[in-house]
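Q: So that you have it, the file is input.txt, and it contains compact mmCIF, C-alpha atoms and all ligand atoms:
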```txt
# COMPACT_ATOMS: atom_id res chain seq x y z
CA MET A 13 -25.32 -15.89 -1.51
CA ALA A 14 -22.92 -13.15 -2.68
CA ALA A 15 -21.16 -13.76 -6.01
CA THR A 16 -17.54 -14.94 -6.05
CA LEU A 17 -14.96 -12.43 -7.24
CA THR A 18 -11.81 -13.63 -8.96
CA VAL A 19 -8.53 -12.06 -7.83
CA ALA A 20 -5.17 -11.57 -9.60
CA ILE A 21 -2.00 -10.39 -7.83
CA GLY A 22 0.92 -8.49 -9.37
CA GLY A 23 4.11 -9.21 -7.38
CA LEU A 24 4.75 -12.17 -5.08
CA GLY A 25 6.90 -10.58 -2.37
CA ALA A 26 6.11 -9.81 1.27
CA ILE A 27 2.57 -8.69 0.45
CA GLY A 28 1.71 -10.69 -2.67
CA ALA A 29 2.97 -14.13 -1.59
CA HIS A 30 1.26 -13.88 1.79
CA LEU A 31 -1.99 -12.77 0.20
CA ALA A 32 -1.81 -15.49 -2.47
CA ARG A 33 -1.32 -18.18 0.19
CA ALA A 34 -4.22 -16.84 2.25
CA LEU A 35 -6.56 -16.76 -0.74
CA ASP A 36 -5.54 -20.25 -1.78
CA ALA A 37 -6.24 -21.52 1.74
CA GLY A 38 -9.81 -20.41 1.11
CA VAL A 39 -11.68 -17.14 1.60
CA GLU A 40 -15.41 -17.15 1.06
CA GLY A 41 -16.41 -15.15 -2.01
CA LEU A 42 -12.87 -14.82 -3.42
CA ARG A 43 -10.85 -17.04 -5.78
CA LEU A 44 -7.23 -16.51 -6.82
CA THR A 45 -6.92 -17.00 -10.60
CA ALA A 46 -3.63 -15.38 -11.66
CA VAL A 47 -0.34 -14.01 -10.39
CA ALA A 48 2.57 -12.14 -11.97
CA ALA A 49 6.16 -12.20 -10.73
CA ARG A 50 9.59 -11.10 -11.85
CA ASP A 51 11.32 -14.32 -10.82
CA GLN A 52 9.34 -17.01 -12.63
CA ASP A 53 11.10 -19.99 -11.00
CA LYS A 54 10.53 -18.62 -7.51
CA ALA A 55 6.90 -17.92 -8.37
CA ARG A 56 6.43 -21.47 -9.63
CA ARG A 57 7.85 -22.75 -6.34
CA THR A 58 5.53 -20.45 -4.36
CA ILE A 59 2.38 -21.69 -6.09
CA ALA A 60 3.51 -25.33 -6.52
CA GLY A 61 1.73 -26.58 -3.41
CA PHE A 62 -1.42 -24.52 -3.89
CA ARG A 63 -4.75 -26.30 -3.78
CA SER A 64 -5.76 -24.49 -6.94
CA ARG A 65 -2.84 -23.22 -8.99
CA PRO A 66 -3.28 -19.70 -10.44
CA ALA A 67 -2.06 -18.84 -13.95
CA LEU A 68 1.40 -17.26 -14.04
CA VAL A 69 1.08 -14.29 -16.41
CA SER A 70 2.69 -10.92 -17.19
CA LEU A 71 1.78 -7.77 -15.26
CA ALA A 72 -0.27 -6.36 -18.13
CA GLN A 73 -2.14 -9.67 -18.56
CA LEU A 74 -3.40 -9.77 -14.97
CA ALA A 75 -6.40 -7.67 -15.96
CA ASP A 76 -7.49 -10.35 -18.44
CA HIS A 77 -7.76 -12.94 -15.67
CA ALA A 78 -9.75 -11.49 -12.76
CA ASP A 79 -12.37 -9.09 -11.46
CA VAL A 80 -10.03 -7.69 -8.82
CA ILE A 81 -6.40 -6.80 -9.55
CA VAL A 82 -4.14 -6.36 -6.53
CA GLU A 83 -0.90 -4.48 -7.17
CA ALA A 84 1.82 -5.74 -4.78
CA ALA A 85 4.95 -4.87 -6.76
CA PRO A 86 7.58 -2.11 -6.63
CA ALA A 87 6.28 1.40 -7.40
CA ALA A 88 8.36 1.36 -10.62
CA VAL A 89 5.93 -1.06 -12.29
CA PHE A 90 2.74 0.39 -10.76
CA GLU A 91 1.59 2.01 -14.00
CA GLU A 92 1.79 -1.20 -16.02
CA ILE A 93 -0.58 -3.00 -13.64
CA ALA A 94 -2.84 -0.01 -12.96
CA GLU A 95 -3.40 1.04 -16.57
CA ALA A 96 -4.40 -2.44 -17.72
CA ALA A 97 -6.68 -3.01 -14.73
CA ILE A 98 -8.38 0.37 -14.99
CA GLY A 99 -8.54 0.22 -18.79
CA ARG A 100 -10.53 -3.04 -18.50
CA GLY A 101 -12.89 -1.66 -15.88
CA ARG A 102 -11.68 -3.91 -13.05
CA ILE A 103 -11.53 -3.32 -9.30
CA PHE A 104 -7.98 -2.13 -8.77
CA VAL A 105 -6.44 -2.48 -5.29
CA PRO A 106 -3.04 -0.75 -5.07
CA SER A 107 -0.34 -1.41 -2.45
CA SER A 108 2.10 1.17 -3.84
CA VAL A 109 -0.30 3.97 -2.97
CA GLY A 110 2.48 6.58 -3.12
CA ALA A 111 2.64 5.90 -6.86
CA LEU A 112 -1.02 6.88 -7.25
CA LEU A 113 -0.50 10.47 -6.06
CA PRO A 114 1.37 11.68 -9.17
CA ARG A 115 -1.07 9.72 -11.37
CA MET A 116 -4.44 11.09 -10.35
CA HIS A 117 -5.50 11.00 -14.01
CA LEU A 118 -6.12 7.28 -13.38
CA ILE A 119 -9.18 8.24 -11.35
CA ALA A 120 -10.70 10.12 -14.29
CA ARG A 121 -9.84 7.15 -16.50
CA ALA A 122 -11.58 4.77 -14.06
CA ARG A 123 -14.68 6.96 -14.21
CA GLU A 124 -14.73 6.44 -18.00
CA THR A 125 -14.22 2.67 -17.90
CA GLY A 126 -16.32 1.87 -14.82
CA ALA A 127 -13.26 0.62 -12.91
CA ARG A 128 -13.02 1.16 -9.16
CA ILE A 129 -9.82 2.01 -7.28
CA ILE A 130 -9.98 0.72 -3.72
CA VAL A 131 -7.10 1.83 -1.51
CA PRO A 132 -6.64 -0.49 1.48
CA THR A 133 -5.67 0.89 4.88
CA GLY A 134 -2.44 -1.12 4.47
CA ALA A 135 0.18 -0.55 7.15
CA LEU A 136 -1.85 2.31 8.66
CA LEU A 137 -4.89 2.56 10.91
CA GLY A 138 -7.98 4.64 11.38
CA LEU A 139 -8.79 5.63 7.81
CA ASP A 140 -12.48 4.98 8.58
CA ALA A 141 -12.39 7.75 11.19
CA VAL A 142 -10.40 10.06 8.91
CA ARG A 143 -12.92 9.58 6.10
CA ALA A 144 -15.79 10.24 8.47
CA ALA A 145 -14.13 13.42 9.78
CA ALA A 146 -13.46 14.56 6.21
CA GLU A 147 -17.20 14.50 5.48
CA GLY A 148 -17.20 17.56 7.77
CA GLU A 149 -14.64 20.28 8.36
CA VAL A 150 -11.01 19.28 8.93
CA ALA A 151 -8.45 21.87 10.02
CA SER A 152 -5.33 19.72 9.80
CA VAL A 153 -4.00 16.21 9.19
CA THR A 154 -0.44 15.21 10.01
CA ILE A 155 1.46 11.94 10.04
CA GLU A 156 4.74 11.30 11.80
CA THR A 157 6.61 8.23 10.54
CA ARG A 158 9.56 6.79 12.45
CA LYS A 159 11.64 4.07 10.87
CA PRO A 160 14.87 2.26 11.62
CA PRO A 161 17.43 4.09 9.41
CA ARG A 162 17.99 1.09 7.11
CA GLY A 163 14.28 1.20 6.26
CA LEU A 164 14.84 4.61 4.64
CA GLU A 165 18.09 3.74 2.85
CA GLY A 166 18.19 4.61 -0.84
CA ALA A 167 15.30 7.09 -0.81
CA PRO A 168 15.77 9.66 -3.64
CA TYR A 169 15.24 12.61 -1.26
CA LEU A 170 18.07 11.45 1.01
CA ILE A 171 20.41 10.90 -1.93
CA GLU A 172 19.59 14.32 -3.46
CA ASN A 173 20.19 16.03 -0.13
CA GLY A 174 23.32 14.03 0.80
CA ILE A 175 21.74 12.65 3.98
CA ASP A 176 23.64 9.58 5.20
CA VAL A 177 20.77 7.88 6.97
CA LEU A 178 22.80 4.86 8.10
CA GLY A 179 25.15 7.19 9.98
CA ILE A 180 22.34 8.50 12.20
CA THR A 181 22.95 7.74 15.89
CA THR A 182 19.99 9.60 17.46
CA ALA A 183 16.49 10.20 16.11
CA ARG A 184 16.65 12.72 13.26
CA LEU A 185 13.92 14.48 11.27
CA VAL A 186 14.93 13.79 7.66
CA PHE A 187 11.86 15.20 5.89
CA LYS A 188 9.05 17.62 6.64
CA GLY A 189 6.58 18.63 3.95
CA ASN A 190 3.32 17.65 2.32
CA ALA A 191 2.30 14.14 1.27
CA PHE A 192 2.81 14.91 -2.39
CA ASP A 193 6.49 15.80 -1.91
CA ALA A 194 6.95 12.95 0.57
CA ALA A 195 5.71 10.43 -2.00
CA ARG A 196 8.11 11.85 -4.59
CA GLY A 197 11.09 11.81 -2.24
CA PHE A 198 10.38 8.48 -0.53
CA PRO A 199 8.52 6.34 -3.10
CA ALA A 200 9.10 3.08 -1.19
CA ASN A 201 8.26 4.51 2.21
CA VAL A 202 5.21 6.70 2.41
CA ASN A 203 2.37 4.63 1.05
CA VAL A 204 0.69 5.18 4.38
CA ALA A 205 0.95 8.98 4.06
CA ALA A 206 -0.51 8.75 0.56
CA ALA A 207 -3.46 6.65 1.78
CA LEU A 208 -4.03 9.11 4.62
CA ALA A 209 -4.02 12.02 2.17
CA LEU A 210 -6.55 10.32 -0.09
CA ALA A 211 -8.80 9.45 2.87
CA GLY A 212 -8.74 12.97 4.26
CA ILE A 213 -7.87 16.39 2.87
CA GLY A 214 -5.61 15.58 -0.07
CA PRO A 215 -1.85 15.40 -0.65
CA GLU A 216 -1.21 19.16 -0.69
CA ARG A 217 -2.66 19.75 2.79
CA THR A 218 -1.62 16.51 4.50
CA MET A 219 1.64 17.16 6.34
CA VAL A 220 4.31 14.50 6.77
CA GLU A 221 7.30 14.15 9.07
CA ILE A 222 9.75 11.31 8.43
CA TRP A 223 12.23 10.41 11.15
CA GLY A 224 15.21 8.10 10.90
CA ASP A 225 15.27 6.61 14.38
CA PRO A 226 17.89 4.06 15.48
CA GLY A 227 15.83 3.63 18.66
CA VAL A 228 12.88 1.94 16.93
CA THR A 229 12.66 -1.58 15.56
CA ARG A 230 9.15 -1.12 14.19
CA ASN A 231 7.86 1.23 11.52
CA THR A 232 5.81 3.56 13.67
CA HIS A 233 3.16 5.90 12.31
CA THR A 234 1.25 8.51 14.34
CA ILE A 235 -1.69 10.31 12.78
CA ARG A 236 -3.09 13.53 14.23
CA VAL A 237 -6.33 15.00 12.91
CA GLU A 238 -7.97 18.19 14.10
CA ALA A 239 -11.55 18.28 12.84
CA ALA A 240 -14.81 20.01 13.73
CA SER A 241 -16.27 16.62 14.71
CA ALA A 242 -13.36 15.11 16.65
CA ARG A 243 -9.68 15.16 17.47
CA LEU A 244 -7.91 11.95 16.46
CA THR A 245 -4.51 10.76 17.66
CA MET A 246 -3.56 7.24 16.62
CA THR A 247 -0.34 5.25 16.53
CA ILE A 248 0.53 1.96 14.91
CA GLU A 249 3.81 0.10 15.50
CA ASN A 250 4.35 -2.36 12.67
CA VAL A 251 6.26 -5.59 13.10
CA PRO A 252 8.49 -5.88 10.00
CA SER A 253 7.79 -8.87 7.77
CA GLU A 254 10.54 -11.46 7.33
CA GLU A 255 10.57 -11.17 3.53
CA ASN A 256 10.87 -7.37 3.41
CA PRO A 257 11.65 -5.47 6.62
CA ARG A 258 10.32 -2.24 5.07
CA THR A 259 6.87 -3.78 4.95
CA GLY A 260 4.83 -4.32 8.08
CA ARG A 261 3.32 -7.78 8.60
CA ILE A 262 -0.10 -6.20 8.90
CA THR A 263 -0.11 -5.01 5.28
CA PRO A 264 -1.17 -8.24 3.50
CA LEU A 265 -3.64 -8.84 6.34
CA SER A 266 -5.17 -5.41 5.75
CA ILE A 267 -5.48 -6.10 2.03
CA LEU A 268 -7.10 -9.46 2.76
CA ALA A 269 -9.59 -7.77 5.10
CA CYS A 270 -10.26 -5.19 2.38
CA LEU A 271 -10.88 -7.93 -0.23
CA ARG A 272 -13.20 -9.80 2.15
CA GLY A 273 -15.22 -6.61 2.47
CA LEU A 274 -15.89 -6.65 -1.28
CA THR A 275 -18.12 -9.72 -1.01
CA SER A 276 -18.98 -10.29 2.66
CA THR A 277 -22.56 -10.10 3.85
CA LEU A 278 -21.50 -8.41 7.10
CA LYS A 279 -19.02 -5.56 6.70
CA VAL A 280 -17.77 -3.63 9.69
CA GLY A 281 -16.25 -0.13 9.47
CA SER A 282 -17.02 2.48 6.85
N1 LIG A 301 0.03 0.41 1.35
C1 LIG A 301 0.83 0.12 2.36
O1 LIG A 301 0.51 0.37 3.53
C2 LIG A 301 2.14 -0.51 2.09
C3 LIG A 301 2.60 -0.59 0.82
N2 LIG A 301 3.82 -1.16 0.53
C4 LIG A 301 4.23 -1.15 -0.88
O2 LIG A 301 3.74 -2.32 -1.52
C5 LIG A 301 4.60 -2.68 -2.60
C6 LIG A 301 4.99 -4.16 -2.45
O3 LIG A 301 5.63 -4.33 -1.20
P1 LIG A 301 6.35 -5.72 -0.79
O4 LIG A 301 5.47 -6.86 -1.09
O5 LIG A 301 6.87 -5.54 0.57
O6 LIG A 301 7.57 -5.69 -1.79
P2 LIG A 301 8.56 -6.90 -2.14
O7 LIG A 301 9.80 -6.28 -2.65
O8 LIG A 301 8.65 -7.86 -1.00
O9 LIG A 301 7.78 -7.64 -3.31
C7 LIG A 301 7.60 -7.08 -4.57
C8 LIG A 301 7.51 -8.22 -5.55
O10 LIG A 301 7.27 -7.69 -6.85
C9 LIG A 301 8.06 -8.46 -7.75
N3 LIG A 301 8.32 -7.72 -8.98
C10 LIG A 301 9.25 -6.77 -9.20
N4 LIG A 301 9.21 -6.36 -10.49
C11 LIG A 301 8.26 -7.10 -11.08
C12 LIG A 301 7.78 -7.19 -12.40
N5 LIG A 301 8.28 -6.41 -13.36
N6 LIG A 301 6.79 -8.07 -12.68
C13 LIG A 301 6.26 -8.83 -11.70
N7 LIG A 301 6.70 -8.81 -10.42
C14 LIG A 301 7.68 -7.95 -10.12
C15 LIG A 301 9.34 -8.76 -6.99
O11 LIG A 301 10.01 -9.86 -7.54
C16 LIG A 301 8.80 -9.05 -5.60
O12 LIG A 301 8.50 -10.40 -5.43
C17 LIG A 301 5.80 -1.74 -2.52
O13 LIG A 301 5.66 -0.69 -3.43
C18 LIG A 301 5.73 -1.20 -1.10
O14 LIG A 301 6.30 0.11 -0.99
C19 LIG A 301 4.57 -1.73 1.51
C20 LIG A 301 4.12 -1.69 2.81
C21 LIG A 301 2.92 -1.04 3.22
O1 LIG A 302 4.90 0.80 7.91
C1 LIG A 302 5.03 0.05 6.93
O2 LIG A 302 4.95 -1.18 7.04
C2 LIG A 302 5.23 0.54 5.53
C3 LIG A 302 5.27 1.99 5.32
O3 LIG A 302 5.72 2.77 6.10
C4 LIG A 302 4.73 2.47 4.02
O4 LIG A 302 4.75 1.72 3.04
O5 LIG A 302 4.28 3.63 3.96
```
Let me see the file written as structure tokens.
Ligand SMILES: NC(=O)C1=CN([C@@H]2O[C@H](COP(=O)(O)OP(=O)(O)OC[C@H]3O[C@@H](n4cnc5c(N)ncnc54)[C@H](O)[C@@H]3O)[C@@H](O)[C@H]2O)C=CC1
Ligand SMILES: O=C([O-])CC(=O)C(=O)O

A:
Amino acid sequence: MAATLTVAIGGLGAIGAHLARALDAGVEGLRLTAVAARDQDKARRTIAGFRSRPALVSLAQLADHADVIVEAAPAAVFEEIAEAAIGRGRIFVPSSVGALLPRMHLIARARETGARIIVPTGALLGLDAVRAAAEGEVASVTIETRKPPRGLEGAPYLIENGIDVLGITTARLVFKGNAFDAARGFPANVNVAAALALAGIGPERTMVEIWGDPGVTRNTHTIRVEAASARLTMTIENVPSEENPRTGRITPLSILACLRGLTSTLKVGS
């Protein structure tokens, strides 16, 4: 029988609370041992009915409590969770993948400590095919993201460029550039572009279009890959979660599937 891995989660919002509940309900090979949250009272209420109550600790302490540290917090506190997890040689599973792009030194650090950084597919699709294609020659990778305007509100790029996204009445291209610049300009919005870049040809060559689109109710991502082995065109339309409409409901499910793959006897997909 495969060994059980202990799991700690930083952030108990749309992703973290859902994942915590799912783990507590029972997942073979995984055991939730600790969580960290900003609002301690709310966190206590969230875990009150759990079958096995995890320790409520600080972000930096998560790494002392588990083999696998899942980051499910705002990008602003990414470093605090990541540095402790990687410093202690844990398996680090980030949600705020956009925050990893400007911190690629963490990968060199993980090499030193024996930590692993496992980026889940998250709100995207098809990263298995992108990774496979990237083992051969890839000419181009693009992602087109369409969001309801309020899902883009407050992004630094829009503020810097005076773009009033809530005033948009027809679909408008608000950003076109590489994944690196997209992650800087839209830190709460392009985790999927960052994951795509890391799966394929890197943040400099992965091209991103972000559209504010009053005509969509779902965050919609279309990936196009032109490779020597295949041409890929894939679209996902994410149902927003109740807790945080910026975050697709599929995201905690994808992380759960990713965690299952760490211990399962049968693993499907590369
Ligand atoms: N990889 C992907 O495909 C996706 C990634 N994301 C990213 O995942 C991250 C989490 O997303 P959500 O769960 O939707 O966010 P959320 O806003 O619903 O939850 C974040 C949680 O972190 C907590 N938090 C904030 N500061 C904290 C601190 N200092 N210590 C402990 N907890 C703290 C908040 O109280 C909140 O409960 C975000 O960065 C988001 O952009 C979101 C959707 C898809
Ligand atoms: O589609 C979603 O649910 C979230 C999203 O765009 C991202 O975080 O990159």

Q: Would you list the residues that come within 6 Å of ligand LIG 302 (chain A)? Count only C-alpha atoms and all ligand atoms and give the answer as a PDB file with C-alpha atoms, in the coordinates of the input.

A:
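Full text of pocket-v3.pdb as output:
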```pdb
ATOM      1  CA  ALA A 135       0.180  -0.550   7.150  1.00  0.00           C
ATOM      2  CA  ASN A 201       8.260   4.510   2.210  1.00  0.00           C
ATOM      3  CA  VAL A 202       5.210   6.700   2.410  1.00  0.00           C
ATOM      4  CA  ASN A 203       2.370   4.630   1.050  1.00  0.00           C
ATOM      5  CA  VAL A 204       0.690   5.180   4.380  1.00  0.00           C
ATOM      6  CA  ASN A 231       7.860   1.230  11.520  1.00  0.00           C
ATOM      7  CA  ASN A 250       4.350  -2.360  12.670  1.00  0.00           C
ATOM      8  CA  ARG A 258      10.320  -2.240   5.070  1.00  0.00           C
ATOM      9  CA  THR A 259       6.870  -3.780   4.950  1.00  0.00           C
ATOM     10  CA  GLY A 260       4.830  -4.320   8.080  1.00  0.00           C
TER      11      GLY A 260
END
```

Q: Here is a test: counting only C-alpha atoms, which residue of A:Ala37, A:Leu278, A:Ala84, A:Ala46 is nearest to Val69 of chain A?

A: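 Looking only at the distances to Val69 of chain A, the closest residue turns out to be A:Ala46.
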
Q: Select, from A:Ile262, A:Ala239, A:Ala20, A:Leu35, the residue with the minimum atom-to-atom distance to ligand LIG 301 (chain A), counting only C-alpha atoms and all ligand atoms.

A: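 Using only C-alpha atoms and all ligand atoms, ligand LIG 301 (chain A) sits closest to A:Ile262.
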
Q: Would you mind listing what lies within 12 Å of Glu216 of chain A as a PyMOL selection string, with all atoms listed in the file counted and same-chain residues fewer than 5 positions away left out?

A: chain A and resi 113-114+152-154+189-195+205-206+208-210

Q: Excluding same-chain residues fewer than 2 positions from Asp76 of chain A, what lies within 10 Å of it counting only C-alpha atoms, as an MDAnalysis selection string?

A: chainID A and resid 20 46 69 72:74 78:79 81 96:97 100 102

Q: Would you write out, as a tab-separated table, a table of all residues in chain A that have an atom no more than 7 Å from an atom of ligand LIG 301 (chain A), listing for each the closest atom pair and the distance in Å to one decimal, considering only C-alpha atoms and all ligand atoms and ordering rows by chain and rising residue number?

A:
```
residue	atom	partner	partner_atom	distance
A:Gly22	CA	A:LIG301	C13	5.8
A:Gly23	CA	A:LIG301	O10	3.5
A:Leu24	CA	A:LIG301	O12	4.2
A:Gly25	CA	A:LIG301	O9	3.2
A:Ala26	CA	A:LIG301	O4	3.8
A:Ile27	CA	A:LIG301	O4	3.8
A:Gly28	CA	A:LIG301	O4	5.6
A:Ala48	CA	A:LIG301	C13	5.0
A:Ala49	CA	A:LIG301	N7	3.4
A:Arg50	CA	A:LIG301	N7	4.0
A:Asp51	CA	A:LIG301	O11	5.7
A:Ser70	CA	A:LIG301	N6	6.7
A:Leu71	CA	A:LIG301	N6	5.6
A:Ala84	CA	A:LIG301	C6	4.2
A:Ala85	CA	A:LIG301	O10	3.7
A:Pro86	CA	A:LIG301	O13	4.0
A:Ala87	CA	A:LIG301	O13	4.5
A:Val89	CA	A:LIG301	N5	5.9
A:Ser107	CA	A:LIG301	N1	4.2
A:Ser108	CA	A:LIG301	O13	4.0
A:Val109	CA	A:LIG301	N1	5.6
A:Pro132	CA	A:LIG301	N1	6.7
A:Thr133	CA	A:LIG301	O1	6.3
A:Gly134	CA	A:LIG301	O1	3.4
A:Ala135	CA	A:LIG301	O1	3.7
A:Leu136	CA	A:LIG301	O1	6.0
A:Pro199	CA	A:LIG301	O14	6.9
A:Ala200	CA	A:LIG301	O14	4.1
A:Asn201	CA	A:LIG301	O14	5.8
A:Asn203	CA	A:LIG301	N1	4.8
A:Val204	CA	A:LIG301	O1	4.9
A:Glu255	CA	A:LIG301	O8	5.9
A:Asn256	CA	A:LIG301	O8	5.0
A:Arg258	CA	A:LIG301	O5	6.6
A:Thr259	CA	A:LIG301	C20	4.1
A:Gly260	CA	A:LIG301	C20	5.9
A:Thr263	CA	A:LIG301	C21	5.4
```

Q: Rounded to one decimal in Å, what is the spacing between atom CA of Arg143 of chain A and atom CA of Pro160 of chain A?

A: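 Between these atoms lies a distance of 29.3 Å.
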
Q: If I take atom CA of Thr182 of chain A and atom CA of Gly227 of chain A, how far is one from the other in Å, to one decimal?

A: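 Going from atom CA of Thr182 of chain A over to atom CA of Gly227 of chain A covers 7.4 Å.
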
Q: Hey, can you check how far atom CA of Ile180 of chain A sits from atom CA of Thr234 of chain A?

A: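 These atoms are spaced 21.2 Å apart.
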
Q: Go through A:Gly101, A:Pro161, A:Gly41, A:Gly281 one by one, measure the shortest atom-to-atom distance of each to Leu137 of chain A using all atoms listed in the file, and give the residue with the smallest value.

A: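 Result for the nearest residue to Leu137 of chain A: A:Gly281.
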
Q: Do you know which residues are at most 8 Å from Pro106 of chain A counting all atoms listed in the file, after dropping those on the same chain fewer than 6 positions away, and could you put them as a PyMOL selection string?

A: chain A and resi 82-84+94+129-132

Q: Taking only C-alpha atoms into account, which of A:Ala242, A:Met116, A:Arg236, A:Leu44 comes nearest Phe62 of chain A?

A: A:Leu44

Q: Using all atoms listed in the file, determine which residues lie at most 6 Å from Arg261 of chain A, disregarding the query and same-chain residues fewer than 2 positions distant; provide the list as a CSV table (one decimal) with C-alpha atoms, keeping the file's coordinate frame.

A:
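Listed below is the output, selection15.csv:
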```csv
chain,number,residue,atom,x,y,z
A,251,VAL,CA,6.3,-5.6,13.1
A,252,PRO,CA,8.5,-5.9,10.0
A,253,SER,CA,7.8,-8.9,7.8
A,263,THR,CA,-0.1,-5.0,5.3
```

Q: What would the list of residues within 10 Å of (13.0, 2.1, 9.0) (file frame) look like as JSON, numbers by chain, if all atoms listed in the file are what count?

A: {"A": [157, 158, 159, 160, 161, 162, 163, 164, 165, 177, 201, 222, 223, 224, 225, 226, 228, 229, 230, 231, 232, 252, 257, 258, 259]}

Q: Got time to write the residues from that selection, C-alpha atoms, as a PDB file, in the frame of the given file?

A:
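So selection25.pdb came out as:
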```
ATOM      1  CA  THR A 157       6.610   8.230  10.540  1.00  0.00           C
ATOM      2  CA  ARG A 158       9.560   6.790  12.450  1.00  0.00           C
ATOM      3  CA  LYS A 159      11.640   4.070  10.870  1.00  0.00           C
ATOM      4  CA  PRO A 160      14.870   2.260  11.620  1.00  0.00           C
ATOM      5  CA  PRO A 161      17.430   4.090   9.410  1.00  0.00           C
ATOM      6  CA  ARG A 162      17.990   1.090   7.110  1.00  0.00           C
ATOM      7  CA  GLY A 163      14.280   1.200   6.260  1.00  0.00           C
ATOM      8  CA  LEU A 164      14.840   4.610   4.640  1.00  0.00           C
ATOM      9  CA  GLU A 165      18.090   3.740   2.850  1.00  0.00           C
ATOM     10  CA  VAL A 177      20.770   7.880   6.970  1.00  0.00           C
ATOM     11  CA  ASN A 201       8.260   4.510   2.210  1.00  0.00           C
ATOM     12  CA  ILE A 222       9.750  11.310   8.430  1.00  0.00           C
ATOM     13  CA  TRP A 223      12.230  10.410  11.150  1.00  0.00           C
ATOM     14  CA  GLY A 224      15.210   8.100  10.900  1.00  0.00           C
ATOM     15  CA  ASP A 225      15.270   6.610  14.380  1.00  0.00           C
ATOM     16  CA  PRO A 226      17.890   4.060  15.480  1.00  0.00           C
ATOM     17  CA  VAL A 228      12.880   1.940  16.930  1.00  0.00           C
ATOM     18  CA  THR A 229      12.660  -1.580  15.560  1.00  0.00           C
ATOM     19  CA  ARG A 230       9.150  -1.120  14.190  1.00  0.00           C
ATOM     20  CA  ASN A 231       7.860   1.230  11.520  1.00  0.00           C
ATOM     21  CA  THR A 232       5.810   3.560  13.670  1.00  0.00           C
ATOM     22  CA  PRO A 252       8.490  -5.880  10.000  1.00  0.00           C
ATOM     23  CA  PRO A 257      11.650  -5.470   6.620  1.00  0.00           C
ATOM     24  CA  ARG A 258      10.320  -2.240   5.070  1.00  0.00           C
ATOM     25  CA  THR A 259       6.870  -3.780   4.950  1.00  0.00           C
TER      26      THR A 259
END
```

Q: Name the closest residue to Ala269 of chain A among the candidates A:Leu139, A:Ala111, A:Leu31, A:Leu170; distances are taken between atoms, counting all atoms listed in the file.

A: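 Looking only at the distances to Ala269 of chain A, the closest residue turns out to be A:Leu31.
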
Q: For each of A:Arg63, A:Arg43, A:Arg57, A:Arg121, take the minimum atom-to-atom distance to Thr16 of chain A, counting all atoms listed in the file, then give the residue where this is smallest.

A: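 Between A:Arg63, A:Arg43, A:Arg57, A:Arg121, the residue approaching Thr16 of chain A most closely is A:Arg43.
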
Q: Can you tell me which residues surround Asp36 of chain A at a distance of at most 10 Å, considering all atoms listed in the file, apart from same-chain residues fewer than 2 positions away, and format the answer as a ChimeraX atom specification?

A: /A:30-34,38-39,42-45,59,61-66
